[in-house]
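Everything below belongs to run-v9.cif, which stores mmCIF, C-alpha atoms.
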data_model
#
loop_
_atom_site.label_atom_id
_atom_site.label_comp_id
_atom_site.auth_asym_id
_atom_site.auth_seq_id
_atom_site.Cartn_x
_atom_site.Cartn_y
_atom_site.Cartn_z
CA MET A 1 0.00 0.00 0.00
CA GLU A 2 2.69 2.49 -1.02
CA LYS A 3 0.13 4.68 -2.75
CA LYS A 4 -2.33 6.87 -0.90
CA ILE A 5 -5.18 5.25 0.96
CA SER A 6 -8.43 5.61 -0.98
CA ALA A 7 -11.10 8.07 0.15
CA VAL A 8 -13.56 5.19 0.53
CA ALA A 9 -11.20 3.35 2.89
CA ILE A 10 -10.71 6.52 4.94
CA GLU A 11 -14.45 6.98 5.44
CA LEU A 12 -14.86 3.32 6.39
CA LEU A 13 -11.99 3.65 8.86
CA LYS A 14 -13.82 6.51 10.54
CA GLU A 15 -17.01 4.46 10.73
CA ALA A 16 -15.16 1.48 12.20
CA LEU A 17 -13.43 3.60 14.85
CA CYS A 18 -16.78 5.00 15.91
CA ASN A 19 -18.16 1.50 16.42
CA ILE A 20 -15.37 -0.69 17.81
CA TYR A 21 -15.28 1.17 21.14
CA TRP A 22 -18.24 2.63 22.96
CA TYR A 23 -16.35 4.57 25.62
CA LYS A 24 -14.05 7.37 24.54
CA ASN A 25 -11.30 6.51 27.03
CA ASN A 26 -11.00 3.02 25.50
CA LEU A 27 -10.89 4.52 22.03
CA LYS A 28 -8.20 6.98 23.09
CA SER A 29 -6.08 4.20 24.56
CA PHE A 30 -6.38 2.24 21.31
CA LEU A 31 -5.37 5.28 19.23
CA ASN A 32 -2.37 5.95 21.47
CA ASN A 33 -1.12 2.45 20.73
CA CYS A 34 -1.49 2.94 16.96
CA ILE A 35 -0.42 6.54 16.32
CA ASN A 36 3.10 7.74 17.07
CA ASP A 37 2.30 11.45 17.13
CA ASN A 38 0.26 11.86 20.32
CA SER A 39 -0.31 15.54 19.60
CA ILE A 40 -2.76 14.52 16.88
CA ILE A 41 -4.72 12.44 19.39
CA ASN A 42 -4.76 15.19 22.00
CA ARG A 43 -5.70 17.98 19.60
CA PRO A 44 -9.49 17.37 19.43
CA ASP A 45 -11.82 18.24 22.30
CA TRP A 46 -12.40 14.86 23.95
CA ASN A 47 -15.43 16.28 25.75
CA GLY A 48 -17.15 16.48 22.38
CA TYR A 49 -18.91 13.83 20.35
CA LYS A 50 -16.97 10.66 19.53
CA ARG A 51 -17.78 10.83 15.80
CA GLN A 52 -16.37 14.36 15.56
CA ILE A 53 -13.23 13.37 17.51
CA VAL A 54 -12.60 10.42 15.17
CA SER A 55 -13.20 12.56 12.09
CA ASP A 56 -10.79 15.26 13.29
CA ILE A 57 -8.01 12.76 14.08
CA VAL A 58 -8.30 10.82 10.82
CA ASP A 59 -8.54 14.02 8.77
CA ASP A 60 -5.40 15.31 10.52
CA LEU A 61 -3.53 12.15 9.55
CA CYS A 62 -4.80 12.26 5.98
CA SER A 63 -3.90 15.92 5.50
CA ASN A 64 -0.31 14.74 5.12
CA GLN A 65 -0.35 11.11 4.02
CA GLU A 66 3.32 11.19 3.08
CA LYS A 67 4.23 11.95 6.70
CA TYR A 68 1.58 9.87 8.45
CA LEU A 69 1.14 6.98 6.02
CA GLY A 70 2.74 4.58 8.50
CA ASP A 71 0.32 5.64 11.24
CA ILE A 72 -2.68 5.34 8.92
CA ARG A 73 -1.62 1.90 7.74
CA ARG A 74 -1.01 0.73 11.32
CA LEU A 75 -4.39 2.04 12.38
CA ILE A 76 -6.14 0.27 9.50
CA PHE A 77 -4.20 -2.93 10.17
CA GLU A 78 -5.12 -3.01 13.86
CA VAL A 79 -8.78 -2.27 13.15
CA THR A 80 -9.14 -4.88 10.41
CA ARG A 81 -7.57 -7.63 12.52
CA MET A 82 -10.10 -7.14 15.35
CA GLU A 83 -12.33 -10.20 15.79
CA SER A 84 -13.39 -10.10 19.43
CA PHE A 85 -15.84 -7.48 20.70
CA ARG A 86 -16.52 -8.78 24.20
CA HIS A 87 -16.09 -5.27 25.56
CA LEU A 88 -19.27 -4.33 23.69
CA GLU A 89 -21.29 -7.40 24.66
CA GLN A 90 -21.60 -6.25 28.29
CA LEU A 91 -23.20 -2.95 27.31
CA GLU A 92 -26.89 -2.22 26.98
CA ASP A 93 -28.08 -3.48 23.58
CA GLY A 94 -24.64 -5.09 23.33
CA LYS A 95 -25.59 -7.59 20.64
CA LYS A 96 -26.57 -4.83 18.25
CA LYS A 97 -23.39 -2.87 19.03
CA VAL A 98 -21.27 -5.95 18.31
CA GLU A 99 -23.04 -6.53 14.99
CA ARG A 100 -22.45 -2.92 13.94
CA ALA A 101 -18.79 -3.11 14.94
CA LYS A 102 -18.25 -6.38 13.06
CA GLN A 103 -19.95 -5.00 9.94
CA ALA A 104 -17.89 -1.79 10.03
CA VAL A 105 -14.64 -3.75 10.39
CA SER A 106 -15.69 -6.17 7.66
CA ASP A 107 -16.49 -3.32 5.26
CA LEU A 108 -13.12 -1.70 5.89
CA ARG A 109 -11.27 -5.01 5.52
CA ARG A 110 -12.96 -5.74 2.18
CA VAL A 111 -12.09 -2.34 0.68
CA VAL A 112 -8.50 -2.46 1.93
CA GLU A 113 -8.01 -5.96 0.54
CA ASP A 114 -9.51 -4.88 -2.79
CA GLN A 115 -7.17 -1.89 -2.91
CA ALA A 116 -4.17 -4.05 -2.04
CA GLN A 117 -5.14 -6.48 -4.82
CA LYS A 118 -5.51 -3.59 -7.25
CA PHE A 119 -2.04 -2.26 -6.35
CA LYS A 120 -0.61 -5.76 -6.78
CA GLU A 121 -2.17 -6.13 -10.21
CA GLU A 122 -0.93 -2.68 -11.24
CA GLU A 123 2.59 -3.55 -10.14
CA GLU A 124 2.42 -6.83 -12.07
CA ILE A 125 1.28 -4.96 -15.19
CA LYS A 126 4.05 -2.40 -14.72
CA LYS A 127 6.64 -5.15 -14.30
CA LYS A 128 5.36 -6.95 -17.37
CA ARG A 129 5.52 -3.72 -19.39
CA LEU A 130 9.08 -3.04 -18.30
CA ASP A 131 10.09 -6.66 -19.01
CA ASN A 132 8.53 -6.45 -22.46
CA LEU A 133 10.23 -3.13 -23.11
CA HIS A 134 13.57 -4.54 -22.02
CA ARG A 135 13.10 -7.59 -24.22
CA ILE A 136 12.27 -5.43 -27.21
CA ARG A 137 15.21 -3.09 -26.63
CA SER A 138 17.56 -6.04 -26.33
CA SER A 139 16.34 -7.51 -29.61
CA GLN A 140 18.02 -5.82 -32.56
CA ALA A 141 15.76 -7.60 -35.04
CA VAL A 142 12.61 -6.29 -33.32
CA LEU A 143 14.03 -2.77 -33.06
CA SER A 144 15.00 -2.79 -36.69
CA ARG A 145 11.53 -3.91 -37.76
CA LEU A 146 9.92 -1.32 -35.47
CA ASP A 147 12.04 1.40 -37.13
CA ASP A 148 10.87 0.20 -40.55
CA ILE A 149 7.23 0.39 -39.45
CA LYS A 150 7.82 3.86 -38.00
CA SER A 151 9.39 5.04 -41.26
CA ASN A 152 6.41 3.73 -43.21
CA TYR A 153 4.08 5.60 -40.87
CA PHE A 154 6.06 8.85 -41.14
CA SER A 155 5.87 8.66 -44.92
CA LEU A 156 2.08 8.80 -44.60
CA VAL A 157 1.99 11.93 -42.45
CA THR A 158 2.69 14.28 -45.37
CA SER A 159 0.61 12.34 -47.89
CA LYS A 160 -2.21 14.28 -49.56
CA ASP A 161 -3.86 11.14 -50.92
CA TYR A 162 -6.19 10.64 -47.96
CA GLN A 163 -7.87 7.52 -49.30
CA LYS A 164 -4.55 5.82 -49.94
CA ARG A 165 -3.25 7.06 -46.57
CA GLY A 166 -6.09 5.30 -44.77
CA PHE A 167 -5.38 2.05 -46.60
CA GLU A 168 -1.65 2.28 -45.91
CA LEU A 169 -2.37 2.98 -42.21
CA GLU A 170 -4.14 -0.38 -42.02
CA LYS A 171 -0.97 -2.03 -43.37
CA VAL A 172 1.17 -0.23 -40.78
CA LEU A 173 -1.04 -1.54 -37.99
CA TYR A 174 -1.08 -5.04 -39.47
CA ASP A 175 2.73 -5.03 -39.44
CA LEU A 176 2.69 -3.78 -35.85
CA PHE A 177 0.29 -6.52 -34.72
CA GLU A 178 2.43 -9.10 -36.48
CA LEU A 179 5.61 -7.80 -34.82
CA PHE A 180 4.05 -8.35 -31.39
CA ASP A 181 2.82 -11.88 -32.27
CA LEU A 182 -0.87 -10.94 -32.15
CA ASP A 183 -2.01 -13.22 -34.99
CA PRO A 184 -3.36 -10.34 -37.12
CA LYS A 185 -6.02 -10.61 -39.80
CA ALA A 186 -6.06 -8.15 -42.67
CA SER A 187 -9.00 -5.98 -43.68
CA PHE A 188 -12.08 -8.04 -44.51
CA ARG A 189 -15.74 -7.62 -45.35
CA ASN A 190 -18.40 -9.63 -43.52
CA THR A 191 -22.09 -9.44 -44.50
CA GLY A 192 -21.63 -5.94 -45.85
CA GLU A 193 -19.56 -4.65 -42.91
CA GLN A 194 -16.06 -3.35 -43.53
CA ILE A 195 -13.58 -4.36 -40.79
CA ASP A 196 -10.12 -2.79 -40.96
CA GLY A 197 -8.47 -5.74 -39.26
CA ALA A 198 -8.39 -8.04 -36.25
CA PHE A 199 -5.93 -9.55 -33.79
CA THR A 200 -5.89 -11.80 -30.73
CA LEU A 201 -4.47 -10.85 -27.34
CA GLU A 202 -4.53 -13.01 -24.19
CA GLY A 203 -7.31 -15.19 -25.56
CA THR A 204 -9.54 -12.26 -26.54
CA ASP A 205 -10.34 -11.42 -30.18
CA TYR A 206 -10.17 -7.73 -31.07
CA LEU A 207 -11.69 -6.13 -34.13
CA PHE A 208 -9.80 -3.06 -35.26
CA GLU A 209 -10.85 0.15 -36.96
CA ALA A 210 -8.69 3.12 -37.94
CA LYS A 211 -9.66 6.68 -38.89
CA TRP A 212 -7.29 9.38 -40.12
CA ARG A 213 -9.34 12.52 -40.57
CA THR A 214 -8.72 16.19 -39.96
CA HIS A 215 -11.53 16.25 -37.37
CA LEU A 216 -12.12 14.28 -34.18
CA SER A 217 -13.96 10.99 -34.41
CA ASP A 218 -17.43 11.45 -32.97
CA ALA A 219 -20.12 9.42 -31.26
CA SER A 220 -21.61 8.23 -34.57
CA ASP A 221 -18.25 6.68 -35.53
CA LEU A 222 -18.13 4.79 -32.24
CA ASP A 223 -21.81 3.83 -32.51
CA SER A 224 -21.15 2.20 -35.88
CA PHE A 225 -18.06 0.33 -34.64
CA THR A 226 -19.78 -0.81 -31.43
CA GLY A 227 -22.59 -2.26 -33.51
CA LYS A 228 -20.08 -4.40 -35.41
CA ILE A 229 -18.60 -5.68 -32.13
CA LYS A 230 -21.98 -6.56 -30.65
CA ARG A 231 -22.81 -8.72 -33.65
CA LYS A 232 -19.79 -10.91 -32.89
CA LEU A 233 -19.19 -13.44 -30.09
CA ASP A 234 -19.27 -12.27 -26.46
CA ASN A 235 -15.50 -12.63 -26.12
CA THR A 236 -14.91 -10.02 -28.84
CA LEU A 237 -13.70 -6.50 -28.06
CA GLY A 238 -12.86 -3.60 -30.32
CA LEU A 239 -9.90 -1.23 -30.68
CA PHE A 240 -10.68 2.06 -32.41
CA LEU A 241 -7.71 4.13 -33.58
CA SER A 242 -8.40 7.76 -34.45
CA ILE A 243 -5.13 9.49 -35.28
CA ASN A 244 -6.47 12.92 -34.34
CA GLY A 245 -8.42 11.78 -31.29
CA PHE A 246 -12.06 11.73 -30.21
CA SER A 247 -14.71 14.26 -29.26
CA GLU A 248 -15.49 14.58 -25.55
CA ASP A 249 -19.11 13.60 -26.16
CA ALA A 250 -18.05 10.40 -27.95
CA VAL A 251 -15.83 9.34 -25.05
CA ARG A 252 -18.42 10.28 -22.42
CA ILE A 253 -21.31 8.49 -24.12
CA HIS A 254 -19.39 5.28 -24.73
CA SER A 255 -17.81 5.20 -21.27
CA VAL A 256 -21.23 4.63 -19.69
CA GLY A 257 -22.31 1.06 -18.94
CA ARG A 258 -20.46 -1.99 -20.20
CA SER A 259 -18.45 -0.84 -23.19
CA THR A 260 -16.95 -3.29 -25.67
CA ILE A 261 -14.37 -0.96 -27.24
CA LEU A 262 -11.08 0.71 -26.32
CA LEU A 263 -9.86 3.99 -27.82
CA MET A 264 -6.40 4.76 -29.17
CA ASP A 265 -5.07 7.93 -30.79
CA GLY A 266 -2.01 9.01 -32.77
CA THR A 267 -0.09 9.86 -29.59
CA ASP A 268 -0.53 6.28 -28.38
CA LEU A 269 0.67 4.97 -31.72
CA MET A 270 3.75 7.21 -31.68
CA ALA A 271 4.63 6.01 -28.17
CA VAL A 272 4.64 2.42 -29.46
CA LEU A 273 6.60 3.28 -32.62
CA GLU A 274 9.17 5.23 -30.58
CA ASN A 275 9.50 2.27 -28.18
CA GLN A 276 8.21 4.11 -25.10
CA ILE A 277 5.79 1.25 -24.49
CA ASP A 278 5.14 -2.02 -26.28
CA PHE A 279 1.78 -2.46 -27.97
CA VAL A 280 0.68 -5.38 -25.81
CA SER A 281 1.25 -3.46 -22.56
CA LEU A 282 -0.59 -0.45 -23.98
CA ILE A 283 -3.73 -2.47 -24.69
CA VAL A 284 -3.55 -4.37 -21.39
CA ARG A 285 -3.35 -1.09 -19.46
CA LYS A 286 -6.22 0.46 -21.41
CA ARG A 287 -8.40 -2.61 -20.88
CA LYS A 288 -7.61 -2.78 -17.15
CA TYR A 289 -8.35 0.91 -16.69
CA ALA A 290 -11.64 0.62 -18.59
CA ALA A 291 -12.67 -2.36 -16.46
CA GLN A 292 -11.92 -0.45 -13.25
CA THR A 293 -13.27 3.00 -14.14
CA GLY A 294 -15.52 2.63 -17.17
CA ASN A 295 -13.35 5.15 -19.05
CA ILE A 296 -12.39 3.65 -22.42
CA TYR A 297 -9.89 6.40 -23.32
CA LEU A 298 -6.81 6.14 -21.09
CA LYS A 299 -4.16 8.37 -22.66
CA ILE A 300 -0.53 7.43 -22.98
CA ASN A 301 0.77 10.35 -20.91
CA GLU A 302 -1.24 9.07 -17.94
CA ILE A 303 0.26 5.59 -18.37
CA LEU A 304 3.85 6.82 -18.63
CA ILE A 305 3.52 9.28 -15.73
CA ASP A 306 1.98 6.57 -13.53
CA ASP A 307 4.87 4.25 -14.36
#
Represent the structure from my file as structure tokens, please.
Amino acid sequence: MEKKISAVAIELLKEALCNIYWYKNNLKSFLNNCINDNSIINRPDWNGYKRQIVSDIVDDLCSNQEKYLGDIRRLIFEVTRMESFRHLEQLEDGKKKVERAKQAVSDLRRVVEDQAQKFKEEEEIKKKRLDNLHRIRSSQAVLSRLDDIKSNYFSLVTSKDYQKRGFELEKVLYDLFELFDLDPKASFRNTGEQIDGAFTLEGTDYLFEAKWRTHLSDASDLDSFTGKIKRKLDNTLGLFLSINGFSEDAVRIHSVGRSTILLMDGTDLMAVLENQIDFVSLIVRKRKYAAQTGNIYLKINEILIDD
């Protein structure tokens, strides 16, 4: 848990602290054993309401997570490992108080474990990306082929034959898919639908579509492509490349609900061609982010900064 504790976990920590001890002196003793800086514990007015005291202390810790991360983590650890609430059983309506305490601790434990699993998965993805990048950079044959593909792409940038440029872009992407062992399929037509290409990654089939226009791709472009995906098997996803990007409305509309497409722009493509990230890691990160947030348009600068 090197990254900051999530806001949801913080609120659940507050709720748990309010429920695991009924008497404020017991709560204060517990906090003194978990938090190194006693001034934070003594700062609130302990004659006030317990919920306000807890909120003030936790907010104080969270105002500087870099400094107090160890205290916050220790506090969360000690709360989530609590299993016995005999001190609450003796109180009036003790059974109900115990149930509330157990539920609050359980809720906190679940969120913290989910966050820890998310961090682990992100680190695994990061490691895989770096391993792939190292493997590519250590392979002269792959680097040489990547340079060839990049040169072919650059030759299209100044082309005025827009129809030919679009066709040649499909070939550039086919070569890129082939370089990364993605079993690419060239452009094909199926029951009247034009598909720019397809590839397979980690057992999932992706249909591919590319647009190179002077304007942003809009919601109608994504609507059309999504329709093609939905007419295929459930395990099919789509990758839509728009060299000049997408309108905000298109991204917003298609990031609602369960989307079946991922979005890629010219900046993403350049990052792959310039060997800042390998294509496989780019798609894995985009898919993971979309699954977690619903946002189908994770941009390359966010990926590289995060790494």
> Do you know which residues the PyMOL selection byres ((chain A and resi 46-57) around 10) returns on this file, as a count of residues only?
Replying inline: 29
> By how many Å are atom CA of Lys126 of chain A and atom CA of Leu179 of chain A apart?
Replying inline: 20.9 Å
>> Using only C-alpha atoms, which protein or nucleic acid residues come within 9 Å of segment 277-282 of chain A? Drop anything in the same chain fewer than 6 positions from it, and give the result as a ChimeraX atom specification.
In response: /A:125-126,128-130,132-133,136,176-177,180,182,201,268-269,271,300,303-304
> When the PyMOL selection byres ((chain A and resi 71) around 12) is applied to the file above, which residues end up in the set, as a ChimeraX atom specification?
Replying inline: /A:5,31-38,40-41,57-58,60-62,64-70,72-78
Test item: the PyMOL selection byres ((chain A and resi 103-109) around 7) resolved as a compact mmCIF listing (two decimals) with C-alpha atoms, keeping the file's coordinate frame:
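For reference, part_1.txt as written:
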# COMPACT_ATOMS: atom_id res chain seq x y z
CA ALA A 9 -11.20 3.35 2.89
CA LEU A 12 -14.86 3.32 6.39
CA LEU A 13 -11.99 3.65 8.86
CA GLU A 15 -17.01 4.46 10.73
CA ALA A 16 -15.16 1.48 12.20
CA VAL A 79 -8.78 -2.27 13.15
CA THR A 80 -9.14 -4.88 10.41
CA GLU A 99 -23.04 -6.53 14.99
CA ARG A 100 -22.45 -2.92 13.94
CA ALA A 101 -18.79 -3.11 14.94
CA LYS A 102 -18.25 -6.38 13.06
CA ARG A 110 -12.96 -5.74 2.18
CA VAL A 111 -12.09 -2.34 0.68
CA VAL A 112 -8.50 -2.46 1.93
CA GLU A 113 -8.01 -5.96 0.54
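For the pair atom CA of Ile296 of chain A and atom CA of Asp223 of chain A, the separation is 13.8 Å.
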>> To one decimal place in Å, what is the distance between atom CA of Phe154 of chain A and atom CA of Lys286 of chain A?
In response: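 Result for atom CA of Phe154 of chain A versus atom CA of Lys286 of chain A: 24.7 Å, one decimal.
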